[in-house]
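Enquirer: Data: my_file_24.txt, compact mmCIF, C-alpha atoms.
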# COMPACT_ATOMS: atom_id res chain seq x y z
CA MET A 23 1.17 4.45 -29.85
CA THR A 24 -1.84 2.38 -29.07
CA LEU A 25 -0.10 0.24 -26.42
CA PRO A 26 -0.45 1.12 -22.71
CA LEU A 27 2.48 3.01 -21.21
CA LEU A 28 3.54 0.19 -18.88
CA THR A 29 3.52 -2.38 -21.68
CA LEU A 30 5.44 -0.07 -24.01
CA ILE A 31 8.17 0.49 -21.41
CA THR A 32 8.65 -3.18 -20.57
CA GLN A 33 8.80 -4.33 -24.16
CA GLN A 34 10.88 -1.66 -25.91
CA SER A 35 12.81 0.70 -23.60
CA LEU A 36 15.65 -1.63 -22.49
CA ASP A 37 16.22 -3.18 -25.91
CA GLU A 38 16.48 0.20 -27.62
CA ASP A 39 18.96 1.52 -25.00
CA TYR A 40 21.28 -1.48 -25.42
CA VAL A 41 21.12 -1.26 -29.21
CA LEU A 42 22.02 2.45 -29.22
CA ALA A 43 24.94 1.99 -26.80
CA ALA A 44 26.36 -0.87 -28.84
CA GLU A 45 26.11 1.10 -32.06
CA ARG A 46 27.97 4.05 -30.54
CA ARG A 47 30.79 1.83 -29.38
CA VAL A 48 31.23 0.17 -32.75
CA LEU A 49 31.23 3.47 -34.60
CA GLY A 50 33.74 5.02 -32.18
CA GLY A 51 36.08 2.06 -32.31
CA GLN A 52 36.17 1.85 -28.56
CA ALA A 53 36.14 -1.31 -26.63
CA PRO A 54 33.41 -1.47 -24.13
CA SER A 55 34.53 -0.57 -20.70
CA LYS A 56 33.84 -2.77 -17.79
CA GLY A 57 32.53 -0.09 -15.47
CA ARG A 58 30.28 1.93 -17.71
CA PRO A 59 27.88 -0.87 -18.64
CA GLN A 60 27.21 -1.44 -14.99
CA VAL A 61 26.55 2.23 -14.36
CA ILE A 62 24.37 2.47 -17.41
CA ALA A 63 22.50 -0.61 -16.37
CA VAL A 64 21.91 0.84 -12.90
CA VAL A 65 20.72 4.15 -14.38
CA VAL A 66 18.48 2.37 -16.86
CA ILE A 67 17.05 0.21 -14.14
CA MET A 68 16.38 3.28 -12.00
CA LEU A 69 14.73 5.06 -14.90
CA PHE A 70 12.77 1.95 -15.66
CA GLY A 71 11.64 1.77 -12.05
CA ILE A 72 10.57 5.40 -12.11
CA LEU A 73 8.68 4.89 -15.32
CA VAL A 74 7.08 1.74 -14.02
CA THR A 75 6.08 3.49 -10.80
CA THR A 76 4.71 6.46 -12.72
CA ALA A 77 2.81 4.20 -15.04
CA ALA A 78 1.45 2.21 -12.10
CA VAL A 79 0.31 5.39 -10.32
CA GLN A 80 -1.26 6.72 -13.51
CA THR A 81 -2.98 3.42 -14.15
CA SER A 82 -4.29 3.30 -10.58
CA ARG A 83 -5.50 6.91 -10.81
CA ASN A 84 -7.22 6.22 -14.12
CA ALA A 85 -8.81 3.15 -12.59
CA ASP A 86 -10.09 5.23 -9.67
CA ILE A 87 -11.43 7.84 -12.08
CA ASN A 88 -13.07 5.17 -14.21
CA ASP A 89 -14.60 3.58 -11.13
CA ALA A 90 -15.90 6.95 -9.94
CA SER A 91 -17.33 7.72 -13.37
CA GLN A 92 -18.96 4.31 -13.57
CA ASN A 93 -20.48 4.69 -10.09
CA THR A 94 -21.76 8.16 -10.98
CA LEU A 95 -23.27 6.84 -14.20
CA ILE A 96 -24.91 3.92 -12.35
CA ALA A 97 -26.30 6.33 -9.75
CA ARG A 98 -27.73 8.57 -12.48
CA ILE A 99 -29.27 5.56 -14.19
CA GLU A 100 -30.85 4.43 -10.92
CA ASN A 101 -32.19 7.95 -10.28
CA GLN A 102 -33.63 8.17 -13.77
CA ARG A 103 -35.11 4.70 -13.37
CA ASP A 104 -36.78 5.72 -10.09
CA HIS A 105 -38.04 8.94 -11.72
CA LEU A 106 -39.41 6.97 -14.66
CA SER A 107 -41.12 4.53 -12.29
CA SER A 108 -42.67 7.46 -10.41
CA LEU A 109 -43.92 8.97 -13.66
CA GLN A 110 -45.40 5.65 -14.74
CA GLU A 111 -47.22 5.28 -11.42
CA ARG A 112 -48.51 8.83 -11.71
CA ALA A 113 -49.66 8.20 -15.29
CA ALA A 114 -51.49 5.05 -14.15
CA ALA A 115 -53.19 6.99 -11.36
CA VAL A 116 -54.21 9.74 -13.81
CA ARG A 117 -55.60 7.13 -16.24
CA ALA A 118 -57.59 5.51 -13.44
CA GLU A 119 -58.94 8.89 -12.33
CA ASN A 120 -59.77 9.75 -15.93
CA ASN A 121 -61.68 6.48 -16.31
CA GLU A 122 -63.66 7.24 -13.15
CA LEU A 123 -64.44 10.73 -14.41
CA GLU A 124 -65.57 9.33 -17.75
CA ASP A 125 -67.87 6.89 -15.94
CA ASP A 126 -69.25 9.74 -13.82
CA LEU A 127 -69.74 11.85 -16.94
CA ALA A 128 -71.62 9.03 -18.65
CA GLU A 129 -73.89 8.65 -15.61
CA VAL A 130 -74.50 12.41 -15.42
CA SER A 131 -75.23 12.57 -19.15
CA ALA A 132 -77.72 9.70 -18.86
CA GLU A 133 -79.38 11.39 -15.88
CA GLN A 134 -79.47 14.69 -17.76
CA GLN A 135 -81.12 13.09 -20.78
CA SER A 136 -83.63 11.34 -18.55
CA THR A 137 -84.34 14.55 -16.65
CA THR A 138 -84.68 16.52 -19.88
CA SER A 139 -87.14 13.98 -21.27
CA ALA A 140 -89.12 14.02 -18.03
CA LEU A 141 -89.11 17.82 -18.04
CA ARG A 142 -90.40 17.94 -21.61
CA ARG A 143 -93.17 15.47 -20.78
CA LEU A 144 -94.06 17.49 -17.70
CA GLN A 145 -94.05 20.75 -19.65
CA ALA A 146 -96.25 19.20 -22.32
CA ARG A 147 -98.57 17.76 -19.70
CA THR A 148 -98.85 20.99 -17.74
CA GLY A 149 -99.24 23.04 -20.90
CA PHE A 150 -96.36 25.47 -20.51
CA VAL A 151 -94.80 24.69 -23.90
CA ALA A 152 -96.31 24.38 -27.36
CA VAL A 153 -96.48 20.82 -28.66
CA THR A 154 -96.90 19.29 -32.09
CA GLY A 155 -98.00 15.81 -33.00
CA PRO A 156 -100.80 13.52 -34.15
CA GLY A 157 -104.02 13.16 -32.24
CA VAL A 158 -107.77 13.40 -32.36
CA ARG A 159 -110.27 16.24 -32.83
CA LEU A 160 -113.72 16.30 -31.21
CA VAL A 161 -116.41 18.82 -32.14
CA ALA A 162 -119.40 18.93 -29.76
CA ASN A 163 -122.43 21.07 -30.55
CA ASP A 164 -125.73 22.00 -28.97
CA ALA A 165 -128.97 20.44 -30.07
CA GLN A 166 -130.59 21.92 -33.15
CA SER A 167 -133.62 22.95 -31.12
CA ALA A 168 -131.28 24.95 -28.86
CA VAL A 169 -133.49 24.08 -25.94
CA GLU A 170 -130.67 22.29 -24.19
CA ARG A 171 -127.14 23.49 -24.41
CA ILE A 172 -123.89 21.88 -23.51
CA ARG A 173 -122.61 22.97 -20.13
CA LYS A 174 -119.19 22.88 -18.54
CA ASP A 175 -119.97 19.60 -16.74
CA ASP A 176 -120.77 18.02 -20.09
CA LEU A 177 -117.46 19.21 -21.52
CA PHE A 178 -115.69 17.84 -18.46
CA LEU A 179 -116.93 14.38 -19.44
CA LEU A 180 -115.15 14.63 -22.79
CA ILE A 181 -112.03 16.26 -21.31
CA ASN A 182 -111.70 13.57 -18.64
CA ALA A 183 -112.26 10.90 -21.28
CA LEU A 184 -109.35 12.31 -23.33
CA TRP A 185 -107.00 12.30 -20.34
CA ALA A 186 -108.08 8.78 -19.43
CA ALA A 187 -107.50 7.64 -23.02
CA GLY A 188 -103.87 8.77 -22.89
CA ALA A 189 -103.93 12.31 -24.27
CA GLU A 190 -100.69 14.18 -23.66
CA ALA A 191 -102.02 17.70 -24.31
CA ALA A 192 -105.40 19.19 -25.12
CA THR A 193 -107.09 22.46 -26.09
CA LEU A 194 -110.67 23.68 -25.91
CA ASN A 195 -111.57 26.14 -28.65
CA GLY A 196 -107.89 26.93 -29.07
CA ARG A 197 -107.21 27.43 -25.34
CA ARG A 198 -104.63 25.09 -23.78
CA LEU A 199 -106.01 23.06 -20.90
CA THR A 200 -103.88 22.72 -17.77
CA VAL A 201 -104.40 22.03 -14.08
CA LEU A 202 -104.76 25.80 -13.62
CA THR A 203 -107.42 26.24 -16.31
CA SER A 204 -110.72 27.53 -15.00
CA ILE A 205 -113.92 26.52 -16.85
CA ASN A 206 -117.19 27.97 -15.58
CA ASN A 207 -120.73 28.60 -16.69
CA SER A 208 -121.77 32.21 -17.16
CA GLY A 209 -125.36 32.61 -18.24
CA GLY A 210 -125.74 30.86 -21.55
CA ALA A 211 -121.98 30.79 -22.25
CA ILE A 212 -119.02 28.86 -20.92
CA ASN A 213 -115.98 30.77 -19.73
CA ILE A 214 -112.38 29.62 -19.98
CA ASP A 215 -110.31 31.78 -17.65
CA LEU A 216 -112.91 34.55 -17.87
CA THR A 217 -112.97 34.32 -21.68
CA PRO A 218 -116.43 33.31 -22.97
CA ILE A 219 -116.69 30.61 -25.61
CA ARG A 220 -119.74 29.31 -27.44
CA ALA A 221 -120.72 26.21 -29.38
CA PRO A 222 -119.47 24.42 -31.31
CA TYR A 223 -116.86 23.31 -28.81
CA THR A 224 -113.71 21.93 -30.40
CA LEU A 225 -111.45 19.68 -28.37
CA GLN A 226 -108.05 18.81 -29.83
CA ALA A 227 -105.80 16.30 -28.11
CA ILE A 228 -102.33 15.01 -28.97
CA GLY A 229 -101.64 11.35 -28.32
CA ASP A 230 -100.91 7.98 -29.87
CA PRO A 231 -103.09 7.88 -33.03
CA ARG A 232 -103.21 4.09 -32.89
CA THR A 233 -104.91 3.94 -29.51
CA LEU A 234 -106.19 7.38 -28.53
CA GLN A 235 -109.59 7.30 -30.27
CA ALA A 236 -110.18 3.62 -29.48
CA ASN A 237 -109.39 4.17 -25.80
CA LEU A 238 -111.54 7.29 -25.77
CA VAL A 239 -114.77 5.57 -26.77
CA GLU A 240 -114.19 2.88 -24.14
CA THR A 241 -114.04 5.27 -21.18
CA SER A 242 -116.95 5.57 -18.77
CA THR A 243 -117.15 9.35 -19.05
CA PHE A 244 -117.48 9.12 -22.83
CA ASP A 245 -120.38 6.71 -22.30
CA GLU A 246 -122.01 9.30 -20.05
CA PHE A 247 -121.70 11.92 -22.77
CA THR A 248 -123.26 9.61 -25.34
CA VAL A 249 -126.23 9.21 -22.98
CA LEU A 250 -126.58 13.00 -22.89
CA MET A 251 -126.39 13.06 -26.67
CA SER A 252 -129.33 10.68 -26.94
CA GLN A 253 -131.35 12.59 -24.31
CA TYR A 254 -130.77 16.20 -25.39
CA GLY A 255 -129.82 15.90 -29.02
CA PHE A 256 -126.21 16.96 -28.69
CA THR A 257 -123.95 16.15 -31.62
CA LEU A 258 -120.36 14.98 -31.65
CA GLU A 259 -117.93 14.64 -34.53
CA MET A 260 -114.63 12.84 -34.05
CA GLU A 261 -111.67 12.38 -36.39
CA ASP A 262 -108.00 11.46 -36.29
CA VAL A 263 -105.50 14.17 -37.24
CA GLU A 264 -102.03 13.39 -38.57
CA SER A 265 -100.45 16.45 -37.00
CA PHE A 266 -101.39 19.73 -35.41
CA THR A 267 -99.80 22.21 -33.03
CA LEU A 268 -101.27 23.12 -29.68
CA PRO A 269 -100.18 26.49 -28.25
CA ALA A 270 -98.70 26.94 -24.81
CA ALA A 271 -100.97 27.99 -22.00
CA PRO A 272 -100.72 31.56 -20.73
CA SER A 273 -98.45 31.86 -17.73
CA LYS A 274 -100.17 32.11 -14.41
CA ARG A 275 -99.01 32.77 -10.92
CA LEU A 276 -100.29 30.89 -7.94
CA VAL A 277 -101.37 33.26 -5.18
CA ALA A 278 -101.17 32.04 -1.62
CA VAL A 279 -104.28 32.87 0.40
CA THR A 280 -103.83 33.30 4.12
CA GLU A 281 -106.49 32.58 6.73
CA ALA A 282 -106.98 36.29 7.26
CA ASP A 283 -107.64 36.82 3.54
CA ALA A 284 -110.10 33.94 3.51
CA ALA A 285 -111.92 35.38 6.52
CA GLU A 286 -112.27 38.74 4.79
CA ARG A 287 -113.90 37.20 1.71
CA PRO A 288 -117.70 37.15 1.83
CA ASN A 289 -119.47 33.85 2.11
CA ARG A 290 -121.10 32.61 -1.08
CA LYS A 291 -124.38 32.00 0.75
CA ASP A 292 -124.27 35.50 2.18
CA GLU A 293 -123.80 36.89 -1.33
CA GLU A 294 -126.76 34.89 -2.62
CA ASN A 295 -128.95 36.07 0.28
CA SER A 296 -127.92 39.68 -0.23
CA SER A 297 -128.70 39.50 -3.89
Give the structure from the file, written as structure tokens.

Expert:
Amino acid sequence: MTLPLLTLITQQSLDEDYVLAAERRVLGGQAPSKGRPQVIAVVVIMLFGILVTTAAVQTSRNADINDASQNTLIARIENQRDHLSSLQERAAAVRAENNELEDDLAEVSAEQQSTTSALRRLQARTGFVAVTGPGVRLVANDAQSAVERIRKDDLFLLINALWAAGAEAATLNGRRLTVLTSINNSGGAINIDLTPIRAPYTLQAIGDPRTLQANLVETSTFDEFTVLMSQYGFTLEMEDVESFTLPAAPSKRLVAVTEADAAERPNRKDEENSS
């Protein structure tokens, strides 16, 4: 049953037919006729030819079907291979794009950190956020005789000395000093943004504790204040502080002044003459 049809026919069909015919003759006691074997042989040969032809056609058809199936399978394999190659190329492009995005993200993150650090330093310098850290405390006082008192210009010497020494933030009697801070004399008192303060005047500055006080005493403006101390009897106490907190400055709004507004304002000399 496992042999091909064409092989089975060629090997077994003729032998079995002759064996069966011979057996029938022996059992029937008949002598074989001279004409019938020839007829049988012709019929067998014709049947054999038909079977062979049928088997050949079937074999050819199966071969065509097998070839078609094989070609279809090869085509599908080629299509899948092309699809896989396309997917691999796409995956490589996505990986390359992802690497570029990661590099861009790293650059943006570094820029953000740098910008944030710069913003914090700027906020601390301008006084719009509270800051905490080590620094130095200065306490300046009038002379005991009270004949001469410290004025705003004298305090400016100490304030400028602190900035020159590397102070990052400073306060005067608890008021945060910024570029918008106004310090003026008013009679015997000093005003900070229209708020009067009196001696003793306490300056607190945050900075590097290793260098801030040493740099402070080496500034030229600090030397000028020490001259005033010797002339008028002012006193000054100075100490390092491990940590203190300086409050944020009150928010202010810059007001733009037009030429028309400036023209409407009275002249200072005219005010003095009128008074």

Enquirer: Go ahead and compute the interatomic distance for atom CA of A:Asp104 and atom CA of A:Ser91, in Å to one decimal.

Expert: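 Taking atom CA of A:Asp104 and atom CA of A:Ser91, their separation equals 19.8 Å.
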
Enquirer: For a cutoff of 12 Å around the file-coordinate point (-121.1, 9.8, -22.5), which residues qualify once you count all atoms listed in the file? I'd like the result as a ChimeraX atom specification.

Expert: /A:162,175-183,238-254,256-258

Enquirer: So which one's closest to A:Ala221, A:Ser131, A:Gln166, A:Ser265, A:Thr193? Using all atoms listed in the file, please.

Expert: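 Once distances to A:Ala221 are computed over all atoms listed in the file, the minimum belongs to A:Gln166.
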
Enquirer: Separation of atom CA of A:Pro272 and atom CA of A:Pro218, in Å?

Expert: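 The value is 16.0 Å.
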
Enquirer: Distance atom CA of A:Ala211-atom CA of A:Ala165, one decimal place?

Expert: 14.7 Å

Enquirer: Which residue is closest to A:Ile214? Choose from A:Ala236, A:Val153, A:Ala189, A:Ala271 and count only C-alpha atoms.

Expert: A:Ala271

Enquirer: Go through A:Asn101, A:Ser273, A:Asn195, A:Ser108 one by one, measure the shortest atom-to-atom distance of each to A:Thr224 using all atoms listed in the file, and give the residue with the smallest value.

Expert: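 Selected residue with least distance to A:Thr224: A:Asn195.
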
Enquirer: Using all atoms listed in the file, can you tell me which of A:Val66, A:Leu234, A:Val201, A:Leu184 comes closest to A:Leu144?

Expert: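 When distances to A:Leu144 are compared using all atoms listed in the file, the smallest one comes from A:Val201.
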
Enquirer: Pick from A:Gly255, A:Leu95, A:Arg147, A:Ala152: nearest to A:Ser167, with only C-alpha atoms counted?

Expert: A:Gly255

Enquirer: Pick out the closest residue to A:Arg198 from this set: A:Thr267, A:Thr137, A:Asn237, A:Thr81. Count all atoms listed in the file.

Expert: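 Among the listed residues, A:Thr267 lies closest to A:Arg198.
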
Enquirer: Please rebuild stretch 186-197 of chain A with all heavy atoms and give the result as a JSON list (two decimals), in the coordinates of the input.

Expert:
[["chain", "number", "residue", "atom", "x", "y", "z"],
["A", 186, "ALA", "N", -108.09, 10.21, -19.76],
["A", 186, "ALA", "CA", -108.08, 8.78, -19.43],
["A", 186, "ALA", "C", -107.64, 7.93, -20.61],
["A", 186, "ALA", "O", -107.06, 6.85, -20.43],
["A", 186, "ALA", "CB", -109.47, 8.35, -18.96],
["A", 187, "ALA", "N", -107.88, 8.40, -21.83],
["A", 187, "ALA", "CA", -107.50, 7.64, -23.02],
["A", 187, "ALA", "C", -106.02, 7.74, -23.35],
["A", 187, "ALA", "O", -105.52, 7.03, -24.22],
["A", 187, "ALA", "CB", -108.33, 8.10, -24.21],
["A", 188, "GLY", "N", -105.31, 8.64, -22.66],
["A", 188, "GLY", "CA", -103.87, 8.77, -22.89],
["A", 188, "GLY", "C", -103.45, 10.03, -23.61],
["A", 188, "GLY", "O", -102.33, 10.08, -24.14],
["A", 189, "ALA", "N", -104.31, 11.05, -23.62],
["A", 189, "ALA", "CA", -103.93, 12.31, -24.27],
["A", 189, "ALA", "C", -102.78, 12.96, -23.51],
["A", 189, "ALA", "O", -102.75, 12.95, -22.28],
["A", 189, "ALA", "CB", -105.12, 13.25, -24.32],
["A", 190, "GLU", "N", -101.84, 13.52, -24.26],
["A", 190, "GLU", "CA", -100.69, 14.18, -23.66],
["A", 190, "GLU", "C", -100.89, 15.68, -23.53],
["A", 190, "GLU", "O", -100.27, 16.32, -22.67],
["A", 190, "GLU", "CB", -99.44, 13.91, -24.50],
["A", 190, "GLU", "CG", -99.09, 12.43, -24.63],
["A", 190, "GLU", "CD", -97.94, 12.18, -25.57],
["A", 190, "GLU", "OE1", -97.38, 13.19, -26.09],
["A", 190, "GLU", "OE2", -97.59, 11.02, -25.81],
["A", 191, "ALA", "N", -101.73, 16.27, -24.35],
["A", 191, "ALA", "CA", -102.02, 17.70, -24.31],
["A", 191, "ALA", "C", -103.37, 17.91, -24.99],
["A", 191, "ALA", "O", -103.75, 17.14, -25.89],
["A", 191, "ALA", "CB", -100.93, 18.51, -25.00],
["A", 192, "ALA", "N", -104.06, 18.96, -24.56],
["A", 192, "ALA", "CA", -105.40, 19.19, -25.12],
["A", 192, "ALA", "C", -105.71, 20.68, -25.11],
["A", 192, "ALA", "O", -105.18, 21.44, -24.29],
["A", 192, "ALA", "CB", -106.46, 18.42, -24.33],
["A", 193, "THR", "N", -106.59, 21.08, -26.03],
["A", 193, "THR", "CA", -107.09, 22.46, -26.09],
["A", 193, "THR", "C", -108.60, 22.43, -26.22],
["A", 193, "THR", "O", -109.18, 21.46, -26.73],
["A", 193, "THR", "CB", -106.50, 23.23, -27.28],
["A", 193, "THR", "OG1", -106.86, 22.56, -28.50],
["A", 193, "THR", "CG2", -104.99, 23.35, -27.18],
["A", 194, "LEU", "N", -109.22, 23.49, -25.76],
["A", 194, "LEU", "CA", -110.67, 23.68, -25.91],
["A", 194, "LEU", "C", -110.87, 25.01, -26.60],
["A", 194, "LEU", "O", -110.55, 26.07, -26.04],
["A", 194, "LEU", "CB", -111.38, 23.66, -24.56],
["A", 194, "LEU", "CG", -112.88, 23.99, -24.57],
["A", 194, "LEU", "CD1", -113.65, 23.03, -25.47],
["A", 194, "LEU", "CD2", -113.44, 23.97, -23.14],
["A", 195, "ASN", "N", -111.39, 24.95, -27.82],
["A", 195, "ASN", "CA", -111.57, 26.14, -28.65],
["A", 195, "ASN", "C", -110.28, 26.97, -28.72],
["A", 195, "ASN", "O", -110.29, 28.20, -28.60],
["A", 195, "ASN", "CB", -112.71, 27.00, -28.11],
["A", 195, "ASN", "CG", -114.07, 26.43, -28.49],
["A", 195, "ASN", "OD1", -114.21, 25.24, -28.74],
["A", 195, "ASN", "ND2", -115.10, 27.27, -28.56],
["A", 196, "GLY", "N", -109.18, 26.27, -28.90],
["A", 196, "GLY", "CA", -107.89, 26.93, -29.07],
["A", 196, "GLY", "C", -107.20, 27.32, -27.79],
["A", 196, "GLY", "O", -106.08, 27.85, -27.84],
["A", 197, "ARG", "N", -107.82, 27.08, -26.62],
["A", 197, "ARG", "CA", -107.21, 27.43, -25.34],
["A", 197, "ARG", "C", -106.60, 26.17, -24.72],
["A", 197, "ARG", "O", -107.28, 25.15, -24.57],
["A", 197, "ARG", "CB", -108.25, 28.02, -24.38],
["A", 197, "ARG", "CG", -108.95, 29.27, -24.90],
["A", 197, "ARG", "CD", -108.15, 30.51, -24.66],
["A", 197, "ARG", "NE", -108.01, 30.78, -23.24],
["A", 197, "ARG", "CZ", -107.45, 31.88, -22.75],
["A", 197, "ARG", "NH1", -106.98, 32.80, -23.58],
["A", 197, "ARG", "NH2", -107.36, 32.06, -21.45]]
